Each structure stands twice: as structure tokens, then as C-alpha cells.
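Enquirer: Sharing model26.txt here; it has compact mmCIF, C-alpha atoms and all ligand atoms.
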# COMPACT_ATOMS: atom_id res chain seq x y z
CA MET A 1 115.76 104.62 99.61
CA THR A 2 114.99 100.91 99.97
CA ALA A 3 113.47 99.34 96.87
CA PRO A 4 109.91 97.97 96.97
CA ILE A 5 109.78 94.33 98.02
CA LEU A 6 107.41 92.35 95.80
CA ARG A 7 106.25 88.96 97.02
CA ARG A 8 103.63 88.12 94.42
CA LEU A 9 104.12 87.31 90.75
CA ALA A 10 101.08 89.45 89.84
CA GLU A 11 102.72 92.54 91.43
CA LEU A 12 105.98 91.80 89.65
CA ARG A 13 104.22 91.39 86.30
CA THR A 14 102.32 94.69 86.70
CA GLN A 15 105.67 96.38 87.24
CA THR A 16 107.63 94.65 84.48
CA ASN A 17 104.79 95.08 81.96
CA ALA A 18 104.78 98.83 82.65
CA TRP A 19 108.56 99.02 82.07
CA LYS A 20 108.34 96.94 78.90
CA ARG A 21 105.50 99.09 77.51
CA VAL A 22 107.77 102.14 77.49
CA GLY A 23 110.70 100.18 76.05
CA GLU A 24 112.84 99.97 79.17
CA THR A 25 115.38 97.17 79.49
CA ILE A 26 115.31 94.97 82.58
CA GLY A 27 118.28 93.36 84.31
CA VAL A 28 117.90 90.63 86.91
CA VAL A 29 120.33 89.52 89.60
CA PRO A 30 119.09 86.16 90.97
CA THR A 31 120.26 85.48 94.54
CA MET A 32 119.44 83.44 97.60
CA GLY A 33 120.06 86.46 99.83
CA ALA A 34 122.78 86.89 102.48
CA LEU A 35 124.13 89.48 100.09
CA HIS A 36 127.81 90.33 100.04
CA GLN A 37 130.09 92.41 97.87
CA GLY A 38 130.05 89.73 95.17
CA HIS A 39 126.29 90.12 94.72
CA LEU A 40 126.56 93.90 94.90
CA SER A 41 129.11 93.87 92.07
CA LEU A 42 126.48 92.07 89.95
CA VAL A 43 123.95 94.75 90.88
CA GLU A 44 126.45 97.42 89.82
CA ALA A 45 126.98 95.69 86.47
CA ALA A 46 123.21 95.42 85.94
CA LYS A 47 122.68 99.08 86.87
CA ALA A 48 125.32 100.14 84.36
CA ASP A 49 123.67 98.17 81.53
CA CYS A 50 119.92 98.25 82.12
CA ASP A 51 117.15 100.82 82.65
CA ARG A 52 115.58 98.76 85.44
CA VAL A 53 117.12 96.27 87.85
CA ILE A 54 115.39 93.54 89.84
CA VAL A 55 117.20 91.57 92.55
CA THR A 56 115.51 88.27 93.39
CA ILE A 57 115.91 86.63 96.78
CA PHE A 58 114.69 83.06 97.07
CA VAL A 59 116.31 80.26 99.05
CA ASN A 60 115.50 77.50 96.62
CA PRO A 61 114.82 74.22 98.44
CA LYS A 62 115.13 72.19 95.22
CA GLN A 63 118.84 72.90 94.85
CA PHE A 64 119.84 71.70 98.32
CA ASN A 65 120.62 68.01 98.48
CA ASN A 66 121.29 68.21 102.21
CA PRO A 67 118.39 69.32 104.47
CA GLU A 68 120.85 70.52 107.13
CA ASP A 69 122.54 72.80 104.59
CA LEU A 70 119.12 74.25 103.64
CA ALA A 71 118.20 74.80 107.30
CA LYS A 72 121.53 76.52 108.00
CA TYR A 73 121.40 78.79 104.96
CA PRO A 74 121.43 82.40 106.24
CA ARG A 75 118.16 84.33 105.80
CA THR A 76 118.78 88.06 106.17
CA GLU A 77 116.08 89.85 104.19
CA ASN A 78 116.11 93.15 106.12
CA GLU A 79 119.89 93.48 106.00
CA ASP A 80 119.82 92.55 102.30
CA ALA A 81 117.29 95.31 101.55
CA GLU A 82 119.48 97.80 103.45
CA LYS A 83 122.58 96.73 101.54
CA LEU A 84 120.74 97.24 98.26
CA ALA A 85 119.41 100.70 99.19
CA PRO A 86 122.42 102.72 97.96
CA TYR A 87 122.30 101.00 94.55
CA GLY A 88 118.86 102.26 93.58
CA VAL A 89 117.51 98.92 92.37
CA ASP A 90 113.94 99.13 91.13
CA ALA A 91 112.46 96.06 92.82
CA ILE A 92 113.43 93.25 95.15
CA TYR A 93 111.44 90.15 94.28
CA VAL A 94 111.13 87.84 97.29
CA PRO A 95 108.55 85.37 96.00
CA GLU A 96 106.35 83.43 98.38
CA PRO A 97 107.29 79.74 97.90
CA GLU A 98 103.99 79.00 96.12
CA GLU A 99 104.80 81.61 93.46
CA ILE A 100 107.74 79.43 92.45
CA TYR A 101 106.44 75.98 93.31
CA PRO A 102 102.63 76.07 93.29
CA ALA A 103 100.74 73.00 94.51
CA GLY A 104 101.16 70.19 92.00
CA PHE A 105 104.35 71.64 90.49
CA ALA A 106 105.71 68.79 88.39
CA THR A 107 108.35 70.19 86.03
CA THR A 108 112.13 69.85 86.22
CA VAL A 109 114.56 71.61 83.92
CA SER A 110 117.60 69.42 83.45
CA VAL A 111 120.67 70.32 81.40
CA ALA A 112 122.61 67.27 80.23
CA GLY A 113 126.39 67.04 79.93
CA LEU A 114 127.58 70.17 81.70
CA THR A 115 125.91 68.91 84.88
CA ASP A 116 127.65 65.52 84.87
CA VAL A 117 130.92 66.73 86.39
CA MET A 118 132.27 68.50 89.49
CA GLU A 119 129.35 69.96 91.48
CA GLY A 120 126.97 67.71 89.56
CA THR A 121 128.82 64.62 90.85
CA PHE A 122 129.12 65.77 94.44
CA ARG A 123 125.67 67.35 94.71
CA PRO A 124 123.26 65.09 92.78
CA GLY A 125 120.15 66.97 91.67
CA HIS A 126 121.58 70.36 92.61
CA PHE A 127 121.74 71.71 89.07
CA ASP A 128 118.24 70.48 88.21
CA GLY A 129 117.06 72.63 91.12
CA VAL A 130 119.13 75.59 89.91
CA ALA A 131 118.07 75.29 86.25
CA THR A 132 114.40 74.93 87.23
CA VAL A 133 114.30 77.94 89.54
CA VAL A 134 116.40 80.13 87.24
CA ALA A 135 114.18 79.31 84.25
CA LYS A 136 111.19 80.37 86.34
CA LEU A 137 112.88 83.56 87.53
CA PHE A 138 113.87 84.46 83.95
CA LEU A 139 110.29 83.96 82.76
CA GLN A 140 108.70 85.65 85.76
CA THR A 141 110.90 88.77 85.63
CA GLN A 142 110.87 88.98 81.77
CA ALA A 143 114.41 90.34 82.10
CA ASP A 144 116.56 91.14 79.06
CA ARG A 145 119.83 90.44 80.89
CA ALA A 146 120.80 88.30 83.86
CA TYR A 147 123.97 88.63 85.92
CA PHE A 148 125.83 85.71 87.52
CA GLY A 149 129.18 85.52 89.28
CA GLU A 150 132.03 83.49 87.80
CA LYS A 151 132.63 82.06 91.27
CA ASP A 152 129.89 79.57 90.40
CA TYR A 153 131.36 79.06 86.96
CA GLN A 154 129.69 75.71 86.26
CA GLN A 155 126.34 77.21 87.25
CA LEU A 156 126.95 80.13 84.88
CA MET A 157 127.65 77.76 81.96
CA ILE A 158 124.58 75.63 82.76
CA VAL A 159 122.23 78.61 83.07
CA ARG A 160 123.51 80.04 79.78
CA ARG A 161 122.99 76.69 78.02
CA MET A 162 119.50 76.34 79.53
CA ALA A 163 118.43 79.82 78.35
CA ARG A 164 119.76 79.12 74.84
CA ASP A 165 118.20 75.67 74.62
CA LEU A 166 114.79 76.90 75.78
CA ASP A 167 114.89 80.07 73.63
CA ILE A 168 114.44 82.28 76.67
CA PRO A 169 115.26 85.72 75.25
CA ILE A 170 117.82 86.80 77.85
CA ASP A 171 121.55 87.52 77.79
CA VAL A 172 123.34 85.65 80.57
CA ILE A 173 126.29 87.76 81.66
CA GLY A 174 129.19 86.40 83.73
CA CYS A 175 130.94 88.80 86.11
CA PRO A 176 134.35 88.34 87.78
CA THR A 177 134.59 86.75 91.23
CA VAL A 178 134.94 89.29 94.02
CA ARG A 179 137.58 88.34 96.58
CA GLU A 180 138.63 89.27 100.09
CA PRO A 181 142.08 90.90 100.33
CA SER A 182 143.37 87.37 101.22
CA GLY A 183 142.09 86.08 97.86
CA LEU A 184 139.22 84.14 99.44
CA ALA A 185 136.24 84.20 97.06
CA MET A 186 133.30 86.00 98.64
CA SER A 187 130.47 83.62 99.47
CA SER A 188 127.45 83.59 101.76
CA ARG A 189 128.92 80.39 103.23
CA ASN A 190 131.96 82.31 104.53
CA LEU A 191 129.64 83.63 107.27
CA ARG A 192 129.81 80.16 108.81
CA LEU A 193 133.62 80.14 109.12
CA SER A 194 135.22 80.73 112.53
CA PRO A 195 138.22 83.13 112.62
CA GLU A 196 140.48 80.07 112.43
CA GLY A 197 138.45 78.64 109.55
CA LEU A 198 138.78 81.94 107.70
CA THR A 199 142.57 81.79 108.02
CA ILE A 200 142.60 78.27 106.61
CA ALA A 201 140.16 79.14 103.80
CA ALA A 202 142.27 82.14 102.82
CA ARG A 203 145.16 79.82 101.83
CA LYS A 204 143.17 78.22 99.04
CA ASN A 205 143.48 80.97 96.48
CA THR A 206 147.27 81.17 96.88
CA ILE A 207 147.57 77.40 96.42
CA MET A 208 145.37 77.59 93.32
CA ARG A 209 147.36 80.44 91.82
CA GLU A 210 150.65 78.63 92.48
CA LEU A 211 149.32 75.58 90.65
CA ALA A 212 148.01 77.67 87.75
CA GLU A 213 151.33 79.47 87.34
CA ARG A 214 153.16 76.16 86.92
CA LEU A 215 150.85 74.85 84.18
CA PRO A 216 152.42 76.74 81.27
CA ARG A 217 155.80 75.16 82.15
CA GLY A 218 154.37 71.86 80.92
CA GLU A 219 154.33 70.07 84.30
CA PRO A 220 151.69 67.29 84.21
CA PHE A 221 148.42 68.46 85.74
CA GLY A 222 147.92 65.22 87.67
CA GLU A 223 151.18 65.74 89.60
CA LEU A 224 150.43 69.41 90.26
CA ALA A 225 146.95 68.52 91.51
CA LYS A 226 148.42 65.98 93.97
CA GLU A 227 150.81 68.61 95.31
CA ALA A 228 148.00 71.14 95.63
CA GLU A 229 145.84 68.60 97.50
CA ALA A 230 148.68 67.94 99.96
CA ALA A 231 149.19 71.70 100.40
CA LEU A 232 145.46 72.21 101.12
CA LEU A 233 145.39 69.42 103.72
CA ASP A 234 148.59 70.80 105.25
CA ALA A 235 146.95 74.26 105.47
CA GLY A 236 144.10 72.75 107.55
CA PHE A 237 141.47 71.80 104.96
CA THR A 238 139.82 68.58 106.12
CA GLU A 239 138.80 67.17 102.73
CA VAL A 240 139.51 67.97 99.10
CA GLU A 241 136.62 66.92 96.85
CA TYR A 242 138.14 67.77 93.49
CA ILE A 243 140.90 69.67 91.77
CA ASP A 244 140.08 69.83 88.06
CA LEU A 245 141.49 71.54 85.00
CA ARG A 246 138.72 72.05 82.46
CA CYS A 247 137.96 73.75 79.16
CA ALA A 248 136.43 77.15 79.95
CA GLU A 249 133.74 76.62 77.30
CA THR A 250 132.71 72.95 77.42
CA LEU A 251 133.98 72.00 80.92
CA GLU A 252 135.67 68.89 79.49
CA ALA A 253 138.68 67.72 81.53
CA LEU A 254 142.06 68.82 80.12
CA PRO A 255 145.48 67.27 80.69
CA HIS A 256 147.14 70.61 79.77
CA ALA A 257 145.94 74.19 79.59
CA ASN A 258 146.36 74.28 75.82
CA ARG A 259 143.15 76.29 75.27
CA PRO A 260 141.15 78.73 77.41
CA ALA A 261 140.88 76.77 80.65
CA ARG A 262 139.88 77.08 84.29
CA LEU A 263 141.12 75.45 87.44
CA PHE A 264 138.36 74.32 89.82
CA VAL A 265 138.94 73.41 93.46
CA THR A 266 136.37 72.35 96.04
CA ALA A 267 137.45 71.57 99.58
CA TRP A 268 136.11 71.58 103.13
CA ALA A 269 137.44 73.76 105.94
CA ASP A 270 135.92 74.22 109.37
CA GLY A 271 132.82 72.21 108.35
CA VAL A 272 132.14 74.48 105.37
CA ARG A 273 132.30 73.42 101.72
CA LEU A 274 134.22 76.04 99.73
CA ILE A 275 134.20 76.16 95.94
CA ASP A 276 136.38 78.35 93.76
CA ASN A 277 137.82 78.54 90.25
CA ILE A 278 140.27 80.73 88.37
CA ALA A 279 141.24 81.27 84.75
CA VAL A 280 144.61 79.74 83.92
CA PRO A 281 147.13 81.04 81.40
CA ASN A 282 147.34 79.08 78.12
CA SER A 283 150.42 76.92 77.71
O1 LIG A 301 123.86 81.25 92.90
C1 LIG A 301 122.81 81.29 93.58
O2 LIG A 301 122.70 82.05 94.55
C2 LIG A 301 121.66 80.36 93.23
O3 LIG A 301 122.12 79.14 92.75
C3 LIG A 301 120.66 80.99 92.26
C4 LIG A 301 121.29 81.27 90.91
C5 LIG A 301 120.09 82.28 92.84
C6 LIG A 301 119.48 80.04 92.01
O4 LIG A 301 118.81 79.76 93.19
Output the structure of this file as C-alpha cells.

Expert:
Amino acid sequence: MTAPILRRLAELRTQTNAWKRVGETIGVVPTMGALHQGHLSLVEAAKADCDRVIVTIFVNPKQFNNPEDLAKYPRTENEDAEKLAPYGVDAIYVPEPEEIYPAGFATTVSVAGLTDVMEGTFRPGHFDGVATVVAKLFLQTQADRAYFGEKDYQQLMIVRRMARDLDIPIDVIGCPTVREPSGLAMSSRNLRLSPEGLTIAARKNTIMRELAERLPRGEPFGELAKEAEAALLDAGFTEVEYIDLRCAETLEALPHANRPARLFVTAWADGVRLIDNIAVPNS
């Protein structure tokens, strides 16, 4: 059965208040729609942990720094509701834009530090848009737990920091990236790749894993990153924005993987910007 679609905050509140009154826990999976297996794995995790699960679908204009990217973002509400049907979620919240950004909306939630690197450098303002909308969705849904994919690892760290800093009583839970058999991280943006683009994109994960496997041998990261960049361009990527090794906790840049670390790579293939990251073994 498809879950009820709620478009108004008042309807959502009536529902969540009723659940809270009888002591039920609420999990939220915030999305921008175009759901794929990665999102559905978050729904599964939420269903396993919580009495009630809300999936939110809102294409958030404030986190797009490129109007063309916003216009091209897939909007597939009916298909999304069908995909969710077998999971028995309790509500799909698809807020009207004015429920999120009412006339005169003047507040921005901005997380310092963690937003200064990687995606924050290449997409100025993006994380302010994310932190603002996620803070609203946390408060609107009154959820006890929220589920985010590790594919957007920097986003996960920022949202967790934001919830802690603002005392929003919610556990932010990170779930593993879901991948295609080729290793390509699932993403709504993959829908825009041509068959040839998909073949190119699929090489990225192998190149990342090869780099990560060489780190514990003590080879300098800078040299390995240069080799990986050449391999990506050779595979057909048109531009490599960054290849970074960073502390898994603070996101500070590391010369060696001498503590829990992650490798982050963002590159363009077939006109699509593809981000990914993996955990790397400690050296
Ligand atoms: O990861 C996403 O899909 C979005 O950034 C999120 C968390 C739903 C906020 O709009």
C-alpha cells in the first residue's frame, strides 16, 4: 500500500503528535526524490530501528548553486511513492515550498569549518542550503533518528554537527554507500549518464580502491593522487575536481592514513559531476 503523502506541515504535525503521544519513535529519511536503492537502504535501516518512518521529498532550491542543475534535477514523485510502497513507510512528506520557505524567510543555518573544504569549495553556499533545510525537516518531523548515506560523507558530518550544535534532539545515523555491481556509487545523478558515460563512471571506484590499497605501504599521498587523476582522465573523465585524503572525524587533510581516514574523489564524466568516498585502511 502506498503511504499517505502529506504536503502541509499542519497535517504532518497532527500525525507526529499522535505518534509521540503514545510513545512511538520516529525515523526520518530526508531525500530530494528520484529514489534509488541507496535511499531504500536508508528506509530499511529506519524501519528496523523506529516505530514510524517518514520519508521527505523536497528538491531544495537553496542548495543548488547552479540554476541549470536545479532545473535538470529529476522529479519523479509518483514513481518514488511506488518504490516506497513495499517498505510500509508511515508517511511521505512532500512539503509545498512555502512550508519550508514561507514569505519573508530570512534564516540561514551555517556550519563553520567542516564546510570550508571539498564540496564547500566547489559549491559555495551549498551546505548552508543543506543545513538550513535539514534543520527545518528535523524540527518539522520531530524525528528521533535521521538516516543519511555515507556517499555524501561531508554532508553527513555537517548535519550531525548542526544537530549537536543546535541541541536538536535527534540521532544522525550514517549508512553505508550502496553501489552498482561495477562499484559505481548509486546516485540520482547517474540517471543523466549515457551508456558510455556509465562505463566511464564505473571505473572510478576501482581507481579509488587501487589508490587506497597502496596507502598503507607508505607511498606519499600526493604522488598517488596524481597517478589516480591521470588514470581517471585516461578512463574518460573530463575533469577531476579533487582527490583528498581526510580524517574521517574532522575532515582535516592528511598526508598519510595514520588514523581513521577517508578518500574523497569528485570528477566529471559525460557532463555529470560524480562524488564518491571510501574508508581507507590505517597505515
Ligand atoms: O542528500 C540529499 O538528498 C539532500 O542534500 C538532503 C539531505 C535531502 C537535503 O536537501

Enquirer: Taking all atoms listed in the file into account, list the residues no farther than 7 Å from ligand LIG 301 (chain A), as number ranges by chain.

Expert: A: 30-32, 58-60, 130, 133-134, 152

Enquirer: Would you kindly return, as a list in words, each protein, DNA or RNA residue with an atom no farther than 7 Å from any atom of His126 (chain A), considering only C-alpha atoms and excluding same-chain residues fewer than 5 positions away?

Expert: Gln63, Phe64, Asn65 and Gly120 of chain A

Enquirer: Of the candidates A:Ala18, A:Thr2, A:Val29, A:Lys72, which one gets nearest to Ser188 (chain A) if we count all atoms listed in the file?

Expert: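 Result for the nearest residue to Ser188 (chain A): A:Lys72.
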
Enquirer: State, in Å with one decimal place, the distance from CA of Glu223 (chain A) to CA of Ile243 (chain A).

Expert: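 If I compute the distance from CA of Glu223 (chain A) to CA of Ile243 (chain A), I get 11.2 Å.
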
Enquirer: Near region 277-281 of chain A, within 6 Å and counting all atoms listed in the file, which residues show up once chain neighbours fewer than 4 positions away are dropped, as a PyMOL selection string?

Expert: chain A and resi 212+261-264

Enquirer: Neighbouring residues of Ala225 (chain A) were defined as those with any atom within 10 Å, considering only C-alpha atoms; residues of the same chain fewer than 5 positions away were excluded. Please report them as a list of chain:residue names.

Expert: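 What passes the distance filter is A:Met208, A:Leu211, A:Ala212, A:Pro220, A:Ala230, A:Ala231, A:Tyr242, A:Ile243, A:Asp244, A:Leu245, A:Leu263, A:Val265.
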
Enquirer: Enumerate, as JSON, numbers by chain, the protein, DNA and RNA residues whose atoms approach (132.2, 78.4, 88.9) to within 8 Å, taking into account all atoms listed in the file and the coordinate frame of the file.

Expert: {"A": [149, 150, 151, 152, 153, 154, 155, 156, 264, 275, 276, 277]}

Enquirer: Have a look at CA of Val43 (chain A) and CA of Leu114 (chain A) and let me know their distance in Å, one decimal.

Expert: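 Taking CA of Val43 (chain A) and CA of Leu114 (chain A), their separation equals 26.5 Å.
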
Enquirer: Between A:Ile207, A:Ala248, A:Leu254, A:Ala146, single out the one closest to Leu232 (chain A), counting only C-alpha atoms.

Expert: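 Answer, going by the shortest atom-to-atom distance: A:Ile207.
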
Enquirer: Have a look at A:Met186, A:Lys136, A:Thr121, A:Asn66 and name the one nearest to Leu40 (chain A); count only C-alpha atoms.

Expert: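 Of the candidates, the smallest distance to Leu40 (chain A) is held by A:Met186.
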
Enquirer: Need the shell around region 193-205 of chain A: protein/DNA/RNA residues with any atom at most 9 Å away, counting all atoms listed in the file. Skip same-chain ones fewer than 5 positions apart. Format as a list in words?

Expert: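 Residues meeting the cut-off are Glu180, Ser182, Gly183, Leu184, Ala185, Glu210, Ala231, Leu232, Ala235, Gly236, Phe237, Val265, Ala267, Trp268, Ala269, Asp270, Gly271, Val272, Leu274, Asp276, Asn277 and Ile278 of chain A.
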
Enquirer: A:Leu12, A:Lys47, A:Gly104, A:Lys83: which is nearest Leu137 (chain A), counting only C-alpha atoms?

Expert: A:Leu12

Enquirer: Can you measure CA of Asp167 (chain A) to CA of Ser110 (chain A) for me? One decimal in Å is fine.

Expert: 14.7 Å

Enquirer: Any idea what's packed within 9 Å of Ala143 (chain A), counting all atoms listed in the file, ignoring anything in its chain fewer than 6 positions away? Could you give it as a list of chain:residue names?

Expert: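 My reading of the contact set: A:Thr16, A:Thr25, A:Ile26, A:Gly27, A:Val28, A:Val53, A:Ile54, A:Leu137, A:Pro169, A:Ile170, A:Asp171.
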
Enquirer: Which of these, A:Arg179, A:Arg192, A:Arg273, A:Arg259, has the shortest distance to Gln37 (chain A) once you count all atoms listed in the file?

Expert: A:Arg179

Enquirer: Have a look at A:Asp49, A:Asn17, A:Leu215, A:Ala112 and name the one nearest to Asp165 (chain A); count all atoms listed in the file.

Expert: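 Checking each candidate against Asp165 (chain A), we get A:Ala112 as the closest.
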